[in-house]
Amino acid sequence: MAGLAESGSNPDVELLYDINGLAKDAPHWFDRVMEFVGEYGLLFAIVLLVVWCWWSVRRRGGEDAASSVAALVWAPLAAGVAVLVNVPIRGFVERPRPFKTHDGLEVLIEGKNDFSFVSDHATLVMALAVALFVAHRKFGLVAIVLAVFGGFARVYMGVHYPTDVIGGFALGTAVALLLSPVAMALLTPLTRAVERSPRVGWLVSARGRGGAAGQGAVIPGARKESAEAGERDLAA
């Protein structure tokens, strides 16, 4: 298993050299930017998209707020589960980092001595992006584009083969989609309970059922209905 893509005639290796070769011709400052983007920047950007989407959903409120927030809670959980699933895969395949078996690569970040397949970064960002896509199409599409660019950056940096990244994308997508129904079944009742809370209901909906319109009410809107009934009695 460790000998995957060790032949110079392998398309995986050829593509690795083609993409990584761009780093040799690029200015030093651009390589430093790509190093930061590939290691931290794009992951941080996708996390910000998830937070932005949550803020948008809670401000809008509505009947679907609880299920939408549940889908957003699933995004970081899906990323965590996907990375955990990857642990035995990496140990089974035992594929060395490309710079350990191929000469002439421009390695932009040092200290990567663990196994290469599957890419943790690619798994993480794609699981986040796909789970976000399930929750919100527009935010999710932006996140998927960022995740794909993040995978390109990992090859550009010389720390992964292209197939490491593709495998990570596949693993992250599979976990986010296949486990989504189970996650939603477990998380949606929880977010609905949070929405009904007078103290933390704002986490789910700014116009939440636990807000000013129904504080302390077990049934949403009960206080409002009783007030309207009182007004009708006074009018009579």
# chains A, B, ... in the order shown; residues from 1 in each chain; ligands from 1

call {"tool": "closest_atom_pairs", "arguments": {"of": "range 134-179 of chain A", "to": "range 124-127 of chain A", "cutoff": "10 Å", "atoms": "only C-alpha atoms", "output": "Markdown table"}}
result
| residue | atom | partner | partner_atom | distance |
| --- | --- | --- | --- | --- |
| A:Ala143 | CA | A:Met126 | CA | 8.1 |
| A:Ile144 | CA | A:Met126 | CA | 6.6 |
| A:Val145 | CA | A:Met126 | CA | 9.5 |
| A:Leu146 | CA | A:Val125 | CA | 8.3 |
| A:Ala147 | CA | A:Val125 | CA | 5.4 |
| A:Val148 | CA | A:Met126 | CA | 7.8 |
| A:Gly150 | CA | A:Val125 | CA | 7.8 |
| A:Gly151 | CA | A:Val125 | CA | 8.8 |
| A:Val165 | CA | A:Met126 | CA | 10.0 |
| A:Gly168 | CA | A:Met126 | CA | 7.6 |
| A:Phe169 | CA | A:Met126 | CA | 5.5 |
| A:Ala170 | CA | A:Met126 | CA | 8.2 |
| A:Leu171 | CA | A:Ala127 | CA | 7.8 |
| A:Gly172 | CA | A:Ala127 | CA | 4.0 |
| A:Thr173 | CA | A:Ala127 | CA | 5.4 |
| A:Ala174 | CA | A:Ala127 | CA | 8.1 |
| A:Val175 | CA | A:Ala127 | CA | 7.0 |
| A:Ala176 | CA | A:Ala127 | CA | 5.4 |
| A:Leu177 | CA | A:Ala127 | CA | 8.7 |

call {"tool": "residues_around", "arguments": {"residues": "Gly111 in chain A", "least_positions_apart": "4", "cutoff": "12 Å", "atoms": "only C-alpha atoms", "output": "JSON list (two decimals) with N, CA, C and O atoms, in the first residue's frame"}}
result
[["chain", "number", "residue", "atom", "x", "y", "z"],
["A", 97, "ARG", "N", 4.69, 10.85, 2.64],
["A", 97, "ARG", "CA", 4.54, 12.15, 2.00],
["A", 97, "ARG", "C", 5.33, 12.16, 0.68],
["A", 97, "ARG", "O", 6.38, 11.51, 0.58],
["A", 99, "PHE", "N", 7.32, 14.22, -0.77],
["A", 99, "PHE", "CA", 8.71, 14.69, -0.76],
["A", 99, "PHE", "C", 9.66, 13.66, -0.16],
["A", 99, "PHE", "O", 10.88, 13.81, -0.27],
["A", 100, "LYS", "N", 9.13, 12.60, 0.47],
["A", 100, "LYS", "CA", 9.98, 11.56, 1.02],
["A", 100, "LYS", "C", 10.39, 10.54, -0.03],
["A", 100, "LYS", "O", 11.38, 9.81, 0.15],
["A", 107, "VAL", "N", 8.98, 22.10, -1.24],
["A", 107, "VAL", "CA", 8.15, 21.88, -0.04],
["A", 107, "VAL", "C", 8.06, 23.20, 0.73],
["A", 107, "VAL", "O", 9.06, 23.72, 1.20],
["A", 115, "PHE", "N", 1.64, 10.19, 7.62],
["A", 115, "PHE", "CA", 1.28, 9.61, 6.33],
["A", 115, "PHE", "C", 0.46, 10.59, 5.50],
["A", 115, "PHE", "O", -0.15, 11.52, 6.02],
["A", 159, "VAL", "N", 3.05, 18.83, -0.11],
["A", 159, "VAL", "CA", 2.84, 17.94, 1.03],
["A", 159, "VAL", "C", 1.83, 16.84, 0.76],
["A", 159, "VAL", "O", 1.63, 15.95, 1.60]]

call {"tool": "closest_atom_pairs", "arguments": {"of": "range 117-176 of chain A", "to": "range 23-33 of chain A", "cutoff": "12 Å", "atoms": "only C-alpha atoms", "output": "tab-separated table"}}
result
residue	atom	partner	partner_atom	distance
A:Phe152	CA	A:Ala23	CA	11.9
A:Ala153	CA	A:Asp31	CA	10.0
A:Arg154	CA	A:Ala23	CA	11.5
A:Val155	CA	A:Ala23	CA	10.1
A:Tyr156	CA	A:Ala23	CA	6.5
A:Met157	CA	A:Ala23	CA	7.4
A:Gly158	CA	A:Ala23	CA	8.9

call {"tool": "residues_around", "arguments": {"residues": "Ala75 in chain A", "least_positions_apart": "4", "cutoff": "10 Å", "atoms": "only C-alpha atoms", "output": "list in words"}}
result
Val47, Val50, Val69, Ala70, Ala71, Ala79, Gly80, Leu124, Val125, Met126, Ala127, Leu128, Ala129, Val130, Ala131, Leu132, Phe133, Val134, Ala135, Ala176, Ser180 and Ala183 of chain A

call {"tool": "write_last_selection", "arguments": {"atoms": "all heavy atoms", "output": "compact mmCIF listing (two decimals), in the first residue's frame"}}
result
# COMPACT_ATOMS: atom_id res chain seq x y z
N VAL A 47 -15.00 28.16 8.11
CA VAL A 47 -15.61 28.26 9.44
C VAL A 47 -16.36 29.58 9.57
O VAL A 47 -17.48 29.63 10.11
CB VAL A 47 -14.54 28.13 10.54
CG1 VAL A 47 -15.12 28.49 11.91
CG2 VAL A 47 -13.97 26.72 10.57
N VAL A 50 -19.68 29.31 7.90
CA VAL A 50 -20.65 28.60 8.73
C VAL A 50 -21.24 29.53 9.78
O VAL A 50 -22.46 29.57 9.99
CB VAL A 50 -20.00 27.38 9.41
CG1 VAL A 50 -20.97 26.73 10.40
CG2 VAL A 50 -19.55 26.36 8.36
N VAL A 69 -30.50 25.47 11.79
CA VAL A 69 -29.40 25.54 12.76
C VAL A 69 -28.88 24.15 13.06
O VAL A 69 -27.66 23.95 13.23
CB VAL A 69 -29.86 26.26 14.05
CG1 VAL A 69 -28.80 26.16 15.13
CG2 VAL A 69 -30.16 27.73 13.75
N ALA A 70 -29.77 23.16 13.11
CA ALA A 70 -29.32 21.78 13.33
C ALA A 70 -28.37 21.34 12.22
O ALA A 70 -27.35 20.68 12.47
CB ALA A 70 -30.52 20.85 13.40
N ALA A 71 -28.70 21.71 10.98
CA ALA A 71 -27.83 21.37 9.85
C ALA A 71 -26.48 22.07 9.96
O ALA A 71 -25.44 21.49 9.60
CB ALA A 71 -28.52 21.75 8.54
N ALA A 79 -17.16 17.28 10.11
CA ALA A 79 -15.72 17.42 9.90
C ALA A 79 -14.94 16.59 10.91
O ALA A 79 -13.98 15.91 10.57
CB ALA A 79 -15.32 18.90 9.98
N GLY A 80 -15.36 16.66 12.17
CA GLY A 80 -14.69 15.89 13.21
C GLY A 80 -14.81 14.39 12.99
O GLY A 80 -13.83 13.64 13.14
N LEU A 124 -11.31 17.55 6.03
CA LEU A 124 -11.91 18.50 6.95
C LEU A 124 -12.69 19.59 6.23
O LEU A 124 -13.87 19.84 6.51
CB LEU A 124 -10.81 19.11 7.82
CG LEU A 124 -11.20 19.98 9.01
CD1 LEU A 124 -11.93 19.15 10.05
CD2 LEU A 124 -9.96 20.62 9.63
N VAL A 125 -12.03 20.24 5.26
CA VAL A 125 -12.69 21.38 4.60
C VAL A 125 -13.86 20.94 3.74
O VAL A 125 -14.88 21.63 3.66
CB VAL A 125 -11.67 22.20 3.76
CG1 VAL A 125 -10.65 22.86 4.65
CG2 VAL A 125 -11.00 21.36 2.69
N MET A 126 -13.75 19.75 3.10
CA MET A 126 -14.87 19.33 2.25
C MET A 126 -16.04 18.85 3.09
O MET A 126 -17.21 19.08 2.72
CB MET A 126 -14.42 18.23 1.29
CG MET A 126 -15.46 17.89 0.24
SD MET A 126 -16.04 19.34 -0.74
CE MET A 126 -14.64 19.58 -1.84
N ALA A 127 -15.79 18.21 4.22
CA ALA A 127 -16.90 17.82 5.10
C ALA A 127 -17.65 19.06 5.59
O ALA A 127 -18.89 19.10 5.60
CB ALA A 127 -16.38 17.01 6.28
N LEU A 128 -16.90 20.09 6.00
CA LEU A 128 -17.53 21.35 6.40
C LEU A 128 -18.34 21.95 5.26
O LEU A 128 -19.48 22.38 5.46
CB LEU A 128 -16.45 22.35 6.84
CG LEU A 128 -15.95 22.29 8.28
CD1 LEU A 128 -14.73 23.19 8.43
CD2 LEU A 128 -17.05 22.73 9.24
N ALA A 129 -17.74 22.00 4.08
CA ALA A 129 -18.37 22.65 2.94
C ALA A 129 -19.64 21.92 2.50
O ALA A 129 -20.67 22.55 2.22
CB ALA A 129 -17.39 22.74 1.77
N VAL A 130 -19.59 20.60 2.42
CA VAL A 130 -20.76 19.84 1.97
C VAL A 130 -21.87 19.90 3.00
O VAL A 130 -23.05 20.05 2.65
CB VAL A 130 -20.36 18.38 1.67
CG1 VAL A 130 -21.59 17.52 1.40
CG2 VAL A 130 -19.43 18.32 0.46
N ALA A 131 -21.53 19.80 4.28
CA ALA A 131 -22.55 19.93 5.31
C ALA A 131 -23.18 21.32 5.28
O ALA A 131 -24.39 21.48 5.48
CB ALA A 131 -21.96 19.64 6.68
N LEU A 132 -22.38 22.35 5.02
CA LEU A 132 -22.91 23.70 4.88
C LEU A 132 -23.82 23.80 3.67
O LEU A 132 -24.85 24.47 3.70
CB LEU A 132 -21.76 24.71 4.78
CG LEU A 132 -22.15 26.18 4.61
CD1 LEU A 132 -23.06 26.65 5.74
CD2 LEU A 132 -20.89 27.06 4.55
N PHE A 133 -23.45 23.11 2.58
CA PHE A 133 -24.29 23.10 1.38
C PHE A 133 -25.66 22.49 1.67
O PHE A 133 -26.68 22.95 1.15
CB PHE A 133 -23.59 22.33 0.26
CG PHE A 133 -24.37 22.27 -1.02
CD1 PHE A 133 -24.39 23.34 -1.89
CD2 PHE A 133 -25.10 21.13 -1.34
CE1 PHE A 133 -25.12 23.29 -3.07
CE2 PHE A 133 -25.83 21.07 -2.51
CZ PHE A 133 -25.84 22.15 -3.39
N VAL A 134 -25.68 21.45 2.49
CA VAL A 134 -26.95 20.84 2.87
C VAL A 134 -27.82 21.84 3.62
O VAL A 134 -29.04 21.88 3.46
CB VAL A 134 -26.71 19.58 3.74
CG1 VAL A 134 -28.02 19.05 4.33
CG2 VAL A 134 -26.02 18.50 2.91
N ALA A 135 -27.18 22.68 4.44
CA ALA A 135 -27.92 23.66 5.23
C ALA A 135 -28.34 24.87 4.41
O ALA A 135 -29.43 25.40 4.58
CB ALA A 135 -27.07 24.12 6.42
N ALA A 176 -20.39 13.62 5.38
CA ALA A 176 -21.34 14.72 5.53
C ALA A 176 -22.72 14.36 5.00
O ALA A 176 -23.74 14.73 5.59
CB ALA A 176 -20.82 15.97 4.83
N SER A 180 -25.87 12.56 7.43
CA SER A 180 -26.72 13.73 7.64
C SER A 180 -28.13 13.38 8.13
O SER A 180 -28.62 14.04 9.07
CB SER A 180 -26.80 14.55 6.35
OG SER A 180 -27.65 15.67 6.51
N ALA A 183 -27.88 12.55 11.78
CA ALA A 183 -27.51 13.74 12.54
C ALA A 183 -28.70 14.68 12.69
O ALA A 183 -28.94 15.22 13.78
CB ALA A 183 -26.35 14.45 11.85

call {"tool": "select_by_dssp", "arguments": {"residues": "range 36-152 of chain A", "states": "helix (DSSP H, G or I)", "output": "MDAnalysis selection string"}}
result
chainID A and resid 36:60 65:93 98:101 120:135 137:152

call {"tool": "atom_distance", "arguments": {"atom1": "CA of Arg192 in chain A", "atom2": "CA of Leu43 in chain A"}}
result
28.7 Å

call {"tool": "closest_residue", "arguments": {"among": "A:Gly61, A:Val200, A:Asp103, A:Ala122", "to": "Leu42 in chain A", "atoms": "only C-alpha atoms"}}
result
A:Ala122

call {"tool": "closest_residue", "arguments": {"among": "A:Val142, A:Leu49, A:Ile19, A:Val204", "to": "Thr188 in chain A", "atoms": "only C-alpha atoms"}}
result
A:Val204

call {"tool": "closest_residue", "arguments": {"among": "A:Pro88, A:Gly201, A:Gly21, A:Gly38", "to": "Glu106 in chain A", "atoms": "only C-alpha atoms"}}
result
A:Gly21

call {"tool": "closest_residue", "arguments": {"among": "A:Gly41, A:Leu178, A:Trp202, A:Phe117", "to": "Val81 in chain A", "atoms": "only C-alpha atoms"}}
result
A:Leu178

call {"tool": "decode", "arguments": {"residues": "range 24-166 of chain A", "atoms": "C-alpha atoms", "output": "PDB file, in the first residue's frame"}}
result
ATOM      1  CA  LYS A  24       9.334  27.196  -8.031  1.00  0.00           C
ATOM      2  CA  ASP A  25       8.493  29.948 -10.503  1.00  0.00           C
ATOM      3  CA  ALA A  26       6.336  32.010  -8.135  1.00  0.00           C
ATOM      4  CA  PRO A  27       7.677  34.938  -6.059  1.00  0.00           C
ATOM      5  CA  HIS A  28       8.694  34.130  -2.505  1.00  0.00           C
ATOM      6  CA  TRP A  29       5.883  36.238  -1.042  1.00  0.00           C
ATOM      7  CA  PHE A  30       3.287  34.340  -3.079  1.00  0.00           C
ATOM      8  CA  ASP A  31       4.572  31.013  -1.773  1.00  0.00           C
ATOM      9  CA  ARG A  32       4.250  32.330   1.784  1.00  0.00           C
ATOM     10  CA  VAL A  33       0.668  33.388   1.056  1.00  0.00           C
ATOM     11  CA  MET A  34      -0.133  29.947  -0.371  1.00  0.00           C
ATOM     12  CA  GLU A  35       1.461  28.324   2.664  1.00  0.00           C
ATOM     13  CA  PHE A  36      -0.780  30.283   5.026  1.00  0.00           C
ATOM     14  CA  VAL A  37      -3.878  29.834   2.874  1.00  0.00           C
ATOM     15  CA  GLY A  38      -3.354  26.107   2.453  1.00  0.00           C
ATOM     16  CA  GLU A  39      -2.532  25.440   6.096  1.00  0.00           C
ATOM     17  CA  TYR A  40      -4.919  27.771   7.931  1.00  0.00           C
ATOM     18  CA  GLY A  41      -6.580  30.435   5.795  1.00  0.00           C
ATOM     19  CA  LEU A  42      -9.160  28.480   3.812  1.00  0.00           C
ATOM     20  CA  LEU A  43     -10.222  26.383   6.784  1.00  0.00           C
ATOM     21  CA  PHE A  44     -10.737  29.592   8.772  1.00  0.00           C
ATOM     22  CA  ALA A  45     -12.679  31.126   5.867  1.00  0.00           C
ATOM     23  CA  ILE A  46     -15.057  28.151   5.676  1.00  0.00           C
ATOM     24  CA  VAL A  47     -15.609  28.260   9.442  1.00  0.00           C
ATOM     25  CA  LEU A  48     -16.470  31.963   9.084  1.00  0.00           C
ATOM     26  CA  LEU A  49     -18.973  31.059   6.351  1.00  0.00           C
ATOM     27  CA  VAL A  50     -20.654  28.598   8.729  1.00  0.00           C
ATOM     28  CA  VAL A  51     -20.842  31.289  11.438  1.00  0.00           C
ATOM     29  CA  TRP A  52     -22.120  33.862   8.930  1.00  0.00           C
ATOM     30  CA  CYS A  53     -24.790  31.429   7.732  1.00  0.00           C
ATOM     31  CA  TRP A  54     -25.852  30.737  11.325  1.00  0.00           C
ATOM     32  CA  TRP A  55     -26.125  34.482  12.014  1.00  0.00           C
ATOM     33  CA  SER A  56     -28.247  34.921   8.888  1.00  0.00           C
ATOM     34  CA  VAL A  57     -30.523  32.002   9.764  1.00  0.00           C
ATOM     35  CA  ARG A  58     -31.102  33.095  13.358  1.00  0.00           C
ATOM     36  CA  ARG A  59     -31.859  36.676  12.312  1.00  0.00           C
ATOM     37  CA  ARG A  60     -34.411  35.491   9.784  1.00  0.00           C
ATOM     38  CA  GLY A  61     -36.081  33.110  12.213  1.00  0.00           C
ATOM     39  CA  GLY A  62     -39.160  31.309  10.952  1.00  0.00           C
ATOM     40  CA  GLU A  63     -40.528  27.802  11.278  1.00  0.00           C
ATOM     41  CA  ASP A  64     -37.455  26.195   9.700  1.00  0.00           C
ATOM     42  CA  ALA A  65     -34.907  27.987  11.913  1.00  0.00           C
ATOM     43  CA  ALA A  66     -34.414  24.996  14.216  1.00  0.00           C
ATOM     44  CA  SER A  67     -33.792  22.534  11.389  1.00  0.00           C
ATOM     45  CA  SER A  68     -31.472  24.984   9.623  1.00  0.00           C
ATOM     46  CA  VAL A  69     -29.403  25.540  12.759  1.00  0.00           C
ATOM     47  CA  ALA A  70     -29.318  21.781  13.333  1.00  0.00           C
ATOM     48  CA  ALA A  71     -27.829  21.371   9.847  1.00  0.00           C
ATOM     49  CA  LEU A  72     -25.219  24.017  10.659  1.00  0.00           C
ATOM     50  CA  VAL A  73     -24.328  22.299  13.934  1.00  0.00           C
ATOM     51  CA  TRP A  74     -23.783  19.140  11.899  1.00  0.00           C
ATOM     52  CA  ALA A  75     -21.110  20.875   9.769  1.00  0.00           C
ATOM     53  CA  PRO A  76     -18.296  20.936  12.389  1.00  0.00           C
ATOM     54  CA  LEU A  77     -19.448  17.582  13.763  1.00  0.00           C
ATOM     55  CA  ALA A  78     -19.235  16.057  10.284  1.00  0.00           C
ATOM     56  CA  ALA A  79     -15.716  17.422   9.898  1.00  0.00           C
ATOM     57  CA  GLY A  80     -14.688  15.891  13.207  1.00  0.00           C
ATOM     58  CA  VAL A  81     -16.230  12.508  12.388  1.00  0.00           C
ATOM     59  CA  ALA A  82     -14.602  12.485   8.943  1.00  0.00           C
ATOM     60  CA  VAL A  83     -11.146  13.140  10.397  1.00  0.00           C
ATOM     61  CA  LEU A  84     -11.666  10.352  12.942  1.00  0.00           C
ATOM     62  CA  VAL A  85     -12.679   7.961  10.166  1.00  0.00           C
ATOM     63  CA  ASN A  86      -9.502   8.932   8.327  1.00  0.00           C
ATOM     64  CA  VAL A  87      -7.233   7.845  11.200  1.00  0.00           C
ATOM     65  CA  PRO A  88      -7.438   4.082  10.488  1.00  0.00           C
ATOM     66  CA  ILE A  89      -7.341   4.718   6.725  1.00  0.00           C
ATOM     67  CA  ARG A  90      -4.020   6.545   6.977  1.00  0.00           C
ATOM     68  CA  GLY A  91      -2.630   3.821   9.212  1.00  0.00           C
ATOM     69  CA  PHE A  92      -3.731   1.090   6.822  1.00  0.00           C
ATOM     70  CA  VAL A  93      -2.462   2.678   3.598  1.00  0.00           C
ATOM     71  CA  GLU A  94       0.773   4.043   5.119  1.00  0.00           C
ATOM     72  CA  ARG A  95       1.586   6.237   2.155  1.00  0.00           C
ATOM     73  CA  PRO A  96       4.646   8.449   2.736  1.00  0.00           C
ATOM     74  CA  ARG A  97       4.542  12.153   2.003  1.00  0.00           C
ATOM     75  CA  PRO A  98       5.495  12.839  -1.631  1.00  0.00           C
ATOM     76  CA  PHE A  99       8.709  14.686  -0.763  1.00  0.00           C
ATOM     77  CA  LYS A 100       9.983  11.563   1.018  1.00  0.00           C
ATOM     78  CA  THR A 101       9.916   9.442  -2.127  1.00  0.00           C
ATOM     79  CA  HIS A 102      10.309  12.015  -4.919  1.00  0.00           C
ATOM     80  CA  ASP A 103      13.186  14.440  -5.438  1.00  0.00           C
ATOM     81  CA  GLY A 104      12.981  17.986  -6.720  1.00  0.00           C
ATOM     82  CA  LEU A 105       9.762  19.047  -5.004  1.00  0.00           C
ATOM     83  CA  GLU A 106       9.386  22.543  -3.587  1.00  0.00           C
ATOM     84  CA  VAL A 107       8.149  21.885  -0.045  1.00  0.00           C
ATOM     85  CA  LEU A 108       6.666  25.040   1.459  1.00  0.00           C
ATOM     86  CA  ILE A 109       6.066  23.749   4.958  1.00  0.00           C
ATOM     87  CA  GLU A 110       8.325  21.548   7.035  1.00  0.00           C
ATOM     88  CA  GLY A 111       7.584  19.023   9.744  1.00  0.00           C
ATOM     89  CA  LYS A 112       5.031  16.907   7.856  1.00  0.00           C
ATOM     90  CA  ASN A 113       6.241  13.431   8.810  1.00  0.00           C
ATOM     91  CA  ASP A 114       2.934  11.600   9.121  1.00  0.00           C
ATOM     92  CA  PHE A 115       1.284   9.612   6.331  1.00  0.00           C
ATOM     93  CA  SER A 116      -0.112  11.290   3.251  1.00  0.00           C
ATOM     94  CA  PHE A 117      -3.275   9.405   2.207  1.00  0.00           C
ATOM     95  CA  VAL A 118      -5.960  10.561   2.912  1.00  0.00           C
ATOM     96  CA  SER A 119      -5.380  14.306   3.363  1.00  0.00           C
ATOM     97  CA  ASP A 120      -6.776  15.464   6.707  1.00  0.00           C
ATOM     98  CA  HIS A 121      -7.061  19.038   5.440  1.00  0.00           C
ATOM     99  CA  ALA A 122      -8.994  18.034   2.337  1.00  0.00           C
ATOM    100  CA  THR A 123     -11.264  15.784   4.398  1.00  0.00           C
ATOM    101  CA  LEU A 124     -11.913  18.502   6.952  1.00  0.00           C
ATOM    102  CA  VAL A 125     -12.686  21.380   4.599  1.00  0.00           C
ATOM    103  CA  MET A 126     -14.867  19.327   2.255  1.00  0.00           C
ATOM    104  CA  ALA A 127     -16.903  17.823   5.095  1.00  0.00           C
ATOM    105  CA  LEU A 128     -17.529  21.346   6.399  1.00  0.00           C
ATOM    106  CA  ALA A 129     -18.375  22.649   2.937  1.00  0.00           C
ATOM    107  CA  VAL A 130     -20.756  19.842   1.971  1.00  0.00           C
ATOM    108  CA  ALA A 131     -22.549  19.929   5.312  1.00  0.00           C
ATOM    109  CA  LEU A 132     -22.911  23.699   4.883  1.00  0.00           C
ATOM    110  CA  PHE A 133     -24.287  23.104   1.381  1.00  0.00           C
ATOM    111  CA  VAL A 134     -26.952  20.838   2.874  1.00  0.00           C
ATOM    112  CA  ALA A 135     -27.918  23.660   5.231  1.00  0.00           C
ATOM    113  CA  HIS A 136     -27.712  26.551   2.744  1.00  0.00           C
ATOM    114  CA  ARG A 137     -27.030  26.228  -0.993  1.00  0.00           C
ATOM    115  CA  LYS A 138     -25.394  29.611  -1.644  1.00  0.00           C
ATOM    116  CA  PHE A 139     -23.083  29.568   1.361  1.00  0.00           C
ATOM    117  CA  GLY A 140     -22.322  25.924   0.656  1.00  0.00           C
ATOM    118  CA  LEU A 141     -21.327  26.521  -2.959  1.00  0.00           C
ATOM    119  CA  VAL A 142     -18.861  29.209  -1.899  1.00  0.00           C
ATOM    120  CA  ALA A 143     -17.450  26.863   0.737  1.00  0.00           C
ATOM    121  CA  ILE A 144     -17.043  24.022  -1.785  1.00  0.00           C
ATOM    122  CA  VAL A 145     -15.120  26.313  -4.144  1.00  0.00           C
ATOM    123  CA  LEU A 146     -12.853  27.324  -1.258  1.00  0.00           C
ATOM    124  CA  ALA A 147     -12.373  23.679  -0.286  1.00  0.00           C
ATOM    125  CA  VAL A 148     -11.342  22.741  -3.833  1.00  0.00           C
ATOM    126  CA  PHE A 149      -8.835  25.587  -3.878  1.00  0.00           C
ATOM    127  CA  GLY A 150      -7.576  24.405  -0.500  1.00  0.00           C
ATOM    128  CA  GLY A 151      -6.920  20.971  -1.970  1.00  0.00           C
ATOM    129  CA  PHE A 152      -4.995  22.551  -4.835  1.00  0.00           C
ATOM    130  CA  ALA A 153      -2.925  24.490  -2.299  1.00  0.00           C
ATOM    131  CA  ARG A 154      -1.947  21.275  -0.495  1.00  0.00           C
ATOM    132  CA  VAL A 155      -0.487  19.873  -3.718  1.00  0.00           C
ATOM    133  CA  TYR A 156       1.102  23.235  -4.549  1.00  0.00           C
ATOM    134  CA  MET A 157       2.828  23.150  -1.147  1.00  0.00           C
ATOM    135  CA  GLY A 158       4.350  19.760  -1.960  1.00  0.00           C
ATOM    136  CA  VAL A 159       2.841  17.938   1.032  1.00  0.00           C
ATOM    137  CA  HIS A 160       0.206  15.837  -0.752  1.00  0.00           C
ATOM    138  CA  TYR A 161      -0.376  13.915  -3.960  1.00  0.00           C
ATOM    139  CA  PRO A 162      -3.456  14.930  -5.968  1.00  0.00           C
ATOM    140  CA  THR A 163      -5.075  11.586  -5.106  1.00  0.00           C
ATOM    141  CA  ASP A 164      -4.570  12.321  -1.396  1.00  0.00           C
ATOM    142  CA  VAL A 165      -6.706  15.389  -1.870  1.00  0.00           C
ATOM    143  CA  ILE A 166      -9.309  13.646  -4.045  1.00  0.00           C
TER     144      ILE A 166
END
